[in-house]
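Here the structure is laid out as structure tokens; the discussion comes afterwards.
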Amino acid sequence: MTHADPADPTAPVLQPAVTLALEVEGLSKDYEGLPAVQALSFRVRRGEILGLVGPNGAGKTTTLRSLTGILPLQQGVVRVAGLDLARDEARAKHELAWIPDDPQPFDSLTVWEHLEFTAALYRVADWRARAEALLARFELVEKRNALGGELSRGMRQKLAFCQAWLHQPAVVLMDEPLTGLDPRGIRSAKAELKELARSGTAIVLSSHLMELIEELAGRLLILDRGIKVFEGTLAEARATLVAGEDKSLEEIFLAVTEGGGAR
Amino acid sequence: MQTELPPSGTFGHPALRTLLWLKARGAVRAQFRKLRRPTAWIFLLVGLGLVSFWYLSIFSLGSFGRRGPPQPSGALFAASQCMMLLLTAMTVVSAFSHRGLYLPKEEIELCFSAPVRRSDLIRYRLLVNLLRSLLAGLVLGMISALRMPAPGFAFLGAMTAVATIPVVGQAAAILLGGTENQLAKAAQKLPLRGLGVVLALVLVALLGWALYGDDDFLPELSGEFPMSGSPLERLAGHPLARIVLAPFTPWAAAMTARDVASFLPWFGVCLAIWYAAFELTARIPVDFRELSLATSADVARRIQRARRGFVGASAGEAARGRFGRSVPWLFGRGPFGAVAWLKLGQIVRKARGTLLVSALIVVLITTMTTMIVDEAAGANVYVRSLGGAGLLAGVGTLYLCLGLRFDFRADLELMSSIKTWPLPPRRLFLATILPEVALVTALLWTAVLVRAVWTGTLLPDLWLVLALQPLVTFTWAAIDNTVFLFSPVRYNPGQEGALQHIGRSILLLGLRGIVFGLVLGLAAAPITLLVWWGNEAGWSVRAILAGSGAVLAVVLLIASVLLTLAGGTMLRRFDVARDRG
């Protein structure tokens with residue numbers, strides 16, 4: 001980000017070249033006394049894709065929503081590109097992008113206006129050429145004048161990608177990002193994710209699609225009932241969690257979370 | 001495995017009856033589950049109190065009515081017929097927008113794909129409608145019981161009426177669907193909804209005109225009006241009206257019966273008509289599936305919109321029409337301006353709904369306030385001008401903010417996105433409500449000036465009201481949104497927990513009123529002092545007014561700042577994961 005404005009306290013500041021894009025320490029969250037996430041700590045480096053997996057109700061979405069500031073932080077520290085989310089909320093959010101599992105665009109704005117809005121919100125200078133390129137890459141050129149309420153599920157997902165990509169954030173958090181996309185869309189989204197990571201953006205990817213995580217994620221974070229049960233590479237998981245170098249992530253996942261549904 | 005469908009009884013497929021029973025049980029269970037928290041009990045008690053008060057007022061009004069001279073039988077009979085006609089007309093008109101068989105979104109695909117006859121689906125829907133209308137009909141039954149000669153007969157007659165009307169409405173909806181199917185594309189081009197509205201308007205206009213208008217019109221059309229009796233009796237006695245009202249005779253006769261001998265035959269006829277209508281409707285040979293899917297999707301969309309903003313102009317469909325090609329960036333190009341631009345976009349893209357709601361509210365409020373002030377002020381032009389404008393500005397703010405809703409109340413479903421935006425909450429709060437405040441202010445400035453010109457009370461001192469208007473509107477909008485963020489209400493008509501909702505709404509309205517009253521109260525003390533002091537010092541009225549306006553402006557300004565901070569705090573603590581039901 002290069003568009004800092006010293007006159008505006010909410011303007012993003014130029015950060016030193018920190019290699020850590022996201023730091024989470026002791027994150028806990030409960031819903032009316034019921035613990036959803038407990039003392040969770042992990043780090044994501046720039047350019048890294050972290051796969052967040054776990055059974056239903058493991059606390060993945062709660063974790064992501066807490067990291068984006070959607071849910072108030074009850075306990076713990078979250079730093080985005082070195083900025084404390086609790087103390088420096090607006091600046092930290094400047095470095096974040098969030099793609100929910102079912103994005104809801106504004107029904108009164110066109111696709112192009114969504115990008116115009118995002119550019120203004122994140123102070124992106126010279127955004128038009130970039131927006132045009134993103135529309136082309138995500139095959140939304142023909143839909144540029146369509147209202148948000150007129151978009152199909154897949155189109156909404158693609159628009160969310162464009163909005164997230166537009167301001168070149170330090171961290172992108174995604175919850176089941178490929179739901180609703182057609183095969184061509186899935187292939188191009190995967191390529192875009194890899195390209196985004198190569199450009200230095202850290203990605204936290206939550207999904208039940210084990211093949212997707214296996215293909216894209218450099219490291220894994222497995223949650224079960226709000227507790228971290230594993231953090232490391234797939235090779236480390238094979239070495240420490242299950243016996244066998246040929247085990248797939250699905251087999252590892254099932255072994256680690258065995259009986260989780262019944263508990 | 002059994003592949004034969006079970007024979008249909010009057011009450012349809014056993015599985016659908018089970019579904020009906022399970023849904024009713026589920027609604028009661030959900031109601032009890034909502035009572036796990038102490039606040040839910042408080043809301044329930046307040047809601048119950050309010051509904052009880054309403055029922056009691058019906059009774060007391062009814063008793064009051066009975067204390068007067070007894071109504072002649074003819075007038076009661078005519079009133080019953082006209083009431084039936086009105087209810088039937090309303091139901092049939094609503095069938096224009098609910099063509100086919102309406103089933104909720106969560107049921108329709110399950111029911112349509114299940115091994116169930118279409119007639120059984122109709123029977124199921126008719127039973128659902130019957131239960132709902134009987135519950136709603138209790139009020140009508142009680143009102144009838146209190147006004148008619150024999151309360152028991154009146155109650156039973158009214159209940160048969162409210163049981164039959166929805167059956168007629170459902171038949172109309174299916175038949176309209178059938179017509180549309182037959183006419184295919186040609187029918188889709190017909191403005192059926194518009195025709196329905198025109199039909200209803202003509203009906204109401206005719207009724208009103210016949211009651212209060214020129215007596216020569218209808219006789220010239222086709223016959224003589226009876227010269228004696230109440231206006232309604234005279235209307236019902238007209239040859240044309242007699243033909244229109246004739247189908248409603250059985251219910252009117254049952255409701256106005258004075259003894260068993262005159263009641264039982266008509267009551268029997270009413271029951272027979274209900275049964276015949278029920279069976280005939282269930283057997284209408286129309287394939288309603290496609291239209292039902294469209295209707296279900298349409299209703300689901302409306303419910304979804306209602307969930308986002310409940311009611312008002314913001315619930316309308318967005319369109320890129322003449323008003324919405326491009327939206328101006330009135331509040332700058334930064335993050336603050338972007339949020340305000342987004343809200344402005346909603347206003348502009350929903351301009352048709354916005355203008356309609358606003359015009360309706362402004363015209364009503366202007367007329368009402370002008371009548372009130374003119375009566376109270378008499379010939380005092382000063383009071384008529386400033387008093388009328390002030391009242392219009394105040395009441396207009398309340399009603400326009402209630403009707404427009406281009407603020408957080410329309411964004412409940414989008415709070416997850418909004419919470420990720422890189423703005424401090426207080427600035428986000430300000431940017432969200434500012435466009436609505438600007439819109440309401442512009443509308444009320446126009447209304448105040450037009451009213452002043454129209455009534456000949458355009459005085460130079462009117463600038464005071466115009467200057468204070470944006471501050472008053474901002475204060476109210478900030479209170480409204482802060483309280484909303486403190487306790488967001490997401491309720492749809494027909495959803496369980498209606499009593500809690502009523503209770504909660506009343507308490508929250510009270511809270512808004514208390515905060516607004518507190519702000520005005522803080523201004524009232526120094527203003528009273530200033531008026532007294534100004535009078536003692538021999539100030540002119542104009543100087544006293546200007547001084548009072550300045551004091552009020554300062555208080556409102558301070559309140560606006562504090563409310564923006566409070567709104568920001570509420571936005572920060574807003575938890576999207578909490579139950580908002």
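Naming works like this for the structure tokens: A, B, ... for the chains as they're shown, residue 1 at the start of each chain, ligands 1 onward in shown order.
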*Who sits within 9 Å of Glu89 (chain A), only C-alpha atoms, same chain under 4 positions skipped, as a PyMOL selection string*: (chain A and resi 69+83-85+93-94) or (chain B and resi 422-424)
*For Leu76 (chain B), please output as a PyMOL selection string all residues within 10 Å (counting only C-alpha atoms; exclusion window: fewer than 2 positions along the same chain).*
chain B and resi 71-74+78-82+144+147-149+232-233+252-253+255-256
Give me, as CSV, each residue of chain A that comes within 6 Å of chain B, together with its shortest interatomic pair and the distance in Å at one decimal, counting only C-alpha atoms, with rows ordered by chain and rising residue number.
```
residue,atom,partner,partner_atom,distance
A:Thr68,CA,B:Thr420,CA,5.9
A:Gly69,CA,B:Thr420,CA,5.9
A:Ile70,CA,B:Lys419,CA,4.9
A:Leu71,CA,B:Asp575,CA,5.8
A:Ala90,CA,B:Pro422,CA,4.3
A:Lys93,CA,B:Pro422,CA,4.9
A:His94,CA,B:Pro422,CA,5.4
A:Ser108,CA,B:Ala318,CA,5.1
A:Phe117,CA,B:Ala338,CA,5.7
A:Ala120,CA,B:Gly334,CA,5.3
A:Leu121,CA,B:Pro335,CA,3.9
```
Generate a file of the selected residues that holds C-alpha atoms, formatted as a JSON list (two decimals), in the first residue's frame.
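Once everything was written out, this is selection_38.json:
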```
[["chain", "number", "residue", "atom", "x", "y", "z"],
["A", 68, "THR", "CA", -11.60, -9.80, 10.27],
["A", 69, "GLY", "CA", -13.14, -7.79, 13.10],
["A", 70, "ILE", "CA", -16.65, -8.98, 12.33],
["A", 71, "LEU", "CA", -16.89, -10.54, 15.78],
["A", 90, "ALA", "CA", -9.13, 0.75, 10.94],
["A", 93, "LYS", "CA", -8.55, -3.68, 8.36],
["A", 94, "HIS", "CA", -6.89, -1.78, 5.51],
["A", 108, "SER", "CA", -28.49, -1.11, -5.65],
["A", 117, "PHE", "CA", -16.83, 1.67, -3.82],
["A", 120, "ALA", "CA", -12.71, 4.49, -2.33],
["A", 121, "LEU", "CA", -13.09, 2.48, 0.88]]
```
*asked:* What's around region 234-241 of chain A at 12 Å? Count only C-alpha atoms, leave out sequence neighbours fewer than 6 positions away in its own chain, and write the answer as a ChimeraX atom specification.
replied: /A:50-51,210,213-222,247-257
*Nearest candidate to Ala97 (chain A) (options A:Glu113, A:Asp175, A:Glu132, A:Glu211; using only C-alpha atoms)*: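 Nearest candidate to Ala97 (chain A) out of A:Glu113, A:Asp175, A:Glu132, A:Glu211: A:Asp175.
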*Would you return as a ChimeraX atom specification the members of region 15-115 of chain A that DSSP assigns to alpha helix (DSSP H) on this structure's backbone?*
/A:60-67,89-94,111-115
*Write out as a ChimeraX atom specification all residues of region 18-236 of chain A that backbone DSSP assigns to strand (DSSP E or B).*
/A:20-31,34-45,49-53,75-80,83-84,96-99,110,147,171-175,202-206,219-224,227-232
Those residues you just picked out, can you put them in a file as a PDB file, in the first residue's frame with C-alpha atoms?
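This went into part38.pdb:
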```pdb
ATOM      1  CA  LEU A  20       4.768 -12.019   9.228  1.00  0.00           C
ATOM      2  CA  ALA A  21       1.461 -11.015   7.699  1.00  0.00           C
ATOM      3  CA  LEU A  22      -0.799 -12.387  10.416  1.00  0.00           C
ATOM      4  CA  GLU A  23      -0.110 -13.179  14.044  1.00  0.00           C
ATOM      5  CA  VAL A  24      -2.741 -14.665  16.333  1.00  0.00           C
ATOM      6  CA  GLU A  25      -2.011 -15.154  20.028  1.00  0.00           C
ATOM      7  CA  GLY A  26      -4.383 -16.742  22.526  1.00  0.00           C
ATOM      8  CA  LEU A  27      -7.571 -16.086  20.574  1.00  0.00           C
ATOM      9  CA  SER A  28     -10.643 -17.269  22.472  1.00  0.00           C
ATOM     10  CA  LYS A  29     -14.302 -16.746  21.758  1.00  0.00           C
ATOM     11  CA  ASP A  30     -17.429 -18.080  23.400  1.00  0.00           C
ATOM     12  CA  TYR A  31     -21.118 -17.765  22.622  1.00  0.00           C
ATOM     13  CA  LEU A  34     -20.178 -22.019  25.193  1.00  0.00           C
ATOM     14  CA  PRO A  35     -16.546 -21.980  23.997  1.00  0.00           C
ATOM     15  CA  ALA A  36     -16.217 -21.792  20.207  1.00  0.00           C
ATOM     16  CA  VAL A  37     -12.459 -21.133  19.957  1.00  0.00           C
ATOM     17  CA  GLN A  38      -9.991 -21.677  22.795  1.00  0.00           C
ATOM     18  CA  ALA A  39      -6.528 -20.122  23.177  1.00  0.00           C
ATOM     19  CA  LEU A  40      -5.718 -20.333  19.486  1.00  0.00           C
ATOM     20  CA  SER A  41      -2.288 -19.124  18.341  1.00  0.00           C
ATOM     21  CA  PHE A  42      -0.731 -19.269  14.883  1.00  0.00           C
ATOM     22  CA  ARG A  43       1.243 -17.195  12.403  1.00  0.00           C
ATOM     23  CA  VAL A  44       1.085 -16.757   8.652  1.00  0.00           C
ATOM     24  CA  ARG A  45       4.010 -15.402   6.646  1.00  0.00           C
ATOM     25  CA  ILE A  49      -1.283 -20.128   2.067  1.00  0.00           C
ATOM     26  CA  LEU A  50      -2.535 -21.604   5.327  1.00  0.00           C
ATOM     27  CA  GLY A  51      -5.262 -24.233   5.043  1.00  0.00           C
ATOM     28  CA  LEU A  52      -7.770 -24.054   7.887  1.00  0.00           C
ATOM     29  CA  VAL A  53      -9.614 -27.349   8.275  1.00  0.00           C
ATOM     30  CA  GLN A  75      -9.604 -12.598  24.314  1.00  0.00           C
ATOM     31  CA  GLY A  76      -6.275 -12.668  22.545  1.00  0.00           C
ATOM     32  CA  VAL A  77      -4.207 -10.528  20.231  1.00  0.00           C
ATOM     33  CA  VAL A  78      -4.470 -10.340  16.438  1.00  0.00           C
ATOM     34  CA  ARG A  79      -1.850  -8.466  14.441  1.00  0.00           C
ATOM     35  CA  VAL A  80      -2.270  -7.852  10.730  1.00  0.00           C
ATOM     36  CA  LEU A  83      -0.945  -3.695  13.251  1.00  0.00           C
ATOM     37  CA  ASP A  84      -2.957  -4.625  16.338  1.00  0.00           C
ATOM     38  CA  LEU A  96      -7.264  -7.324   5.202  1.00  0.00           C
ATOM     39  CA  ALA A  97      -9.720  -8.754   2.722  1.00  0.00           C
ATOM     40  CA  TRP A  98     -12.520 -11.114   3.619  1.00  0.00           C
ATOM     41  CA  ILE A  99     -14.389 -13.449   1.284  1.00  0.00           C
ATOM     42  CA  THR A 110     -23.637  -2.338 -10.291  1.00  0.00           C
ATOM     43  CA  LEU A 147     -26.945  -4.766 -10.294  1.00  0.00           C
ATOM     44  CA  VAL A 171      -3.882 -10.930   4.220  1.00  0.00           C
ATOM     45  CA  VAL A 172      -6.869 -12.520   2.516  1.00  0.00           C
ATOM     46  CA  LEU A 173      -9.205 -14.624   4.639  1.00  0.00           C
ATOM     47  CA  MET A 174     -11.534 -16.985   2.809  1.00  0.00           C
ATOM     48  CA  ASP A 175     -14.362 -19.194   3.976  1.00  0.00           C
ATOM     49  CA  ALA A 202      -0.837 -14.226   2.954  1.00  0.00           C
ATOM     50  CA  ILE A 203      -3.942 -16.350   2.508  1.00  0.00           C
ATOM     51  CA  VAL A 204      -5.957 -18.199   5.130  1.00  0.00           C
ATOM     52  CA  LEU A 205      -8.181 -20.646   3.344  1.00  0.00           C
ATOM     53  CA  SER A 206     -10.948 -22.475   5.178  1.00  0.00           C
ATOM     54  CA  ARG A 219       0.789 -25.347   5.840  1.00  0.00           C
ATOM     55  CA  LEU A 220      -2.227 -26.701   7.686  1.00  0.00           C
ATOM     56  CA  LEU A 221      -4.098 -25.667  10.785  1.00  0.00           C
ATOM     57  CA  ILE A 222      -6.513 -28.318  12.018  1.00  0.00           C
ATOM     58  CA  LEU A 223      -9.167 -27.257  14.510  1.00  0.00           C
ATOM     59  CA  ASP A 224     -11.441 -29.540  16.469  1.00  0.00           C
ATOM     60  CA  ILE A 227      -8.900 -26.250  19.846  1.00  0.00           C
ATOM     61  CA  LYS A 228      -5.848 -26.403  17.591  1.00  0.00           C
ATOM     62  CA  VAL A 229      -4.947 -30.057  17.120  1.00  0.00           C
ATOM     63  CA  PHE A 230      -2.245 -29.586  14.502  1.00  0.00           C
ATOM     64  CA  GLU A 231      -0.234 -26.858  12.802  1.00  0.00           C
ATOM     65  CA  GLY A 232       2.439 -27.602  10.216  1.00  0.00           C
TER      66      GLY A 232
END
```
*What's the 9 Å shell around Leu134 (chain A), counting only C-alpha atoms, without same-chain residues fewer than 5 positions away, as a PyMOL selection string?*
chain A and resi 129+139-141+161-163+165-166
Atoms kept (N, CA and C atoms) for selection, written as a CSV table (one decimal), in the first residue's frame:
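Just written: result-v5.csv:
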```csv
chain,number,residue,atom,x,y,z
A,129,ALA,N,-7.8,0.7,-14.2
A,129,ALA,CA,-7.2,-0.3,-15.0
A,129,ALA,C,-7.1,-1.6,-14.3
A,139,GLU,N,-14.0,-13.1,-15.6
A,139,GLU,CA,-15.0,-13.2,-16.6
A,139,GLU,C,-16.3,-12.5,-16.1
A,140,LEU,N,-16.1,-11.3,-15.7
A,140,LEU,CA,-17.3,-10.5,-15.3
A,140,LEU,C,-17.5,-9.3,-16.2
A,141,VAL,N,-16.8,-9.2,-17.3
A,141,VAL,CA,-16.8,-8.0,-18.1
A,141,VAL,C,-18.3,-7.8,-18.6
A,161,PHE,N,-14.2,-11.9,-5.1
A,161,PHE,CA,-12.8,-12.1,-5.4
A,161,PHE,C,-12.2,-10.7,-6.0
A,162,CYS,N,-12.9,-10.2,-6.9
A,162,CYS,CA,-12.4,-8.9,-7.5
A,162,CYS,C,-12.2,-7.8,-6.5
A,163,GLN,N,-13.2,-7.7,-5.6
A,163,GLN,CA,-13.2,-6.7,-4.5
A,163,GLN,C,-12.0,-7.0,-3.6
A,165,TRP,N,-9.2,-8.6,-4.3
A,165,TRP,CA,-7.9,-8.5,-5.0
A,165,TRP,C,-7.6,-7.0,-5.2
A,166,LEU,N,-8.6,-6.1,-5.3
A,166,LEU,CA,-8.5,-4.8,-5.8
A,166,LEU,C,-7.5,-4.0,-5.0
```
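Counting from CA of Gly180 (chain A), the distance to CA of Ser292 (chain B) is 25.7 Å.
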_Using Å and a single decimal, report how far CA of Asp480 (chain B) sits from CA of Leu508 (chain B)._
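Distance between the two atoms: 9.3 Å.
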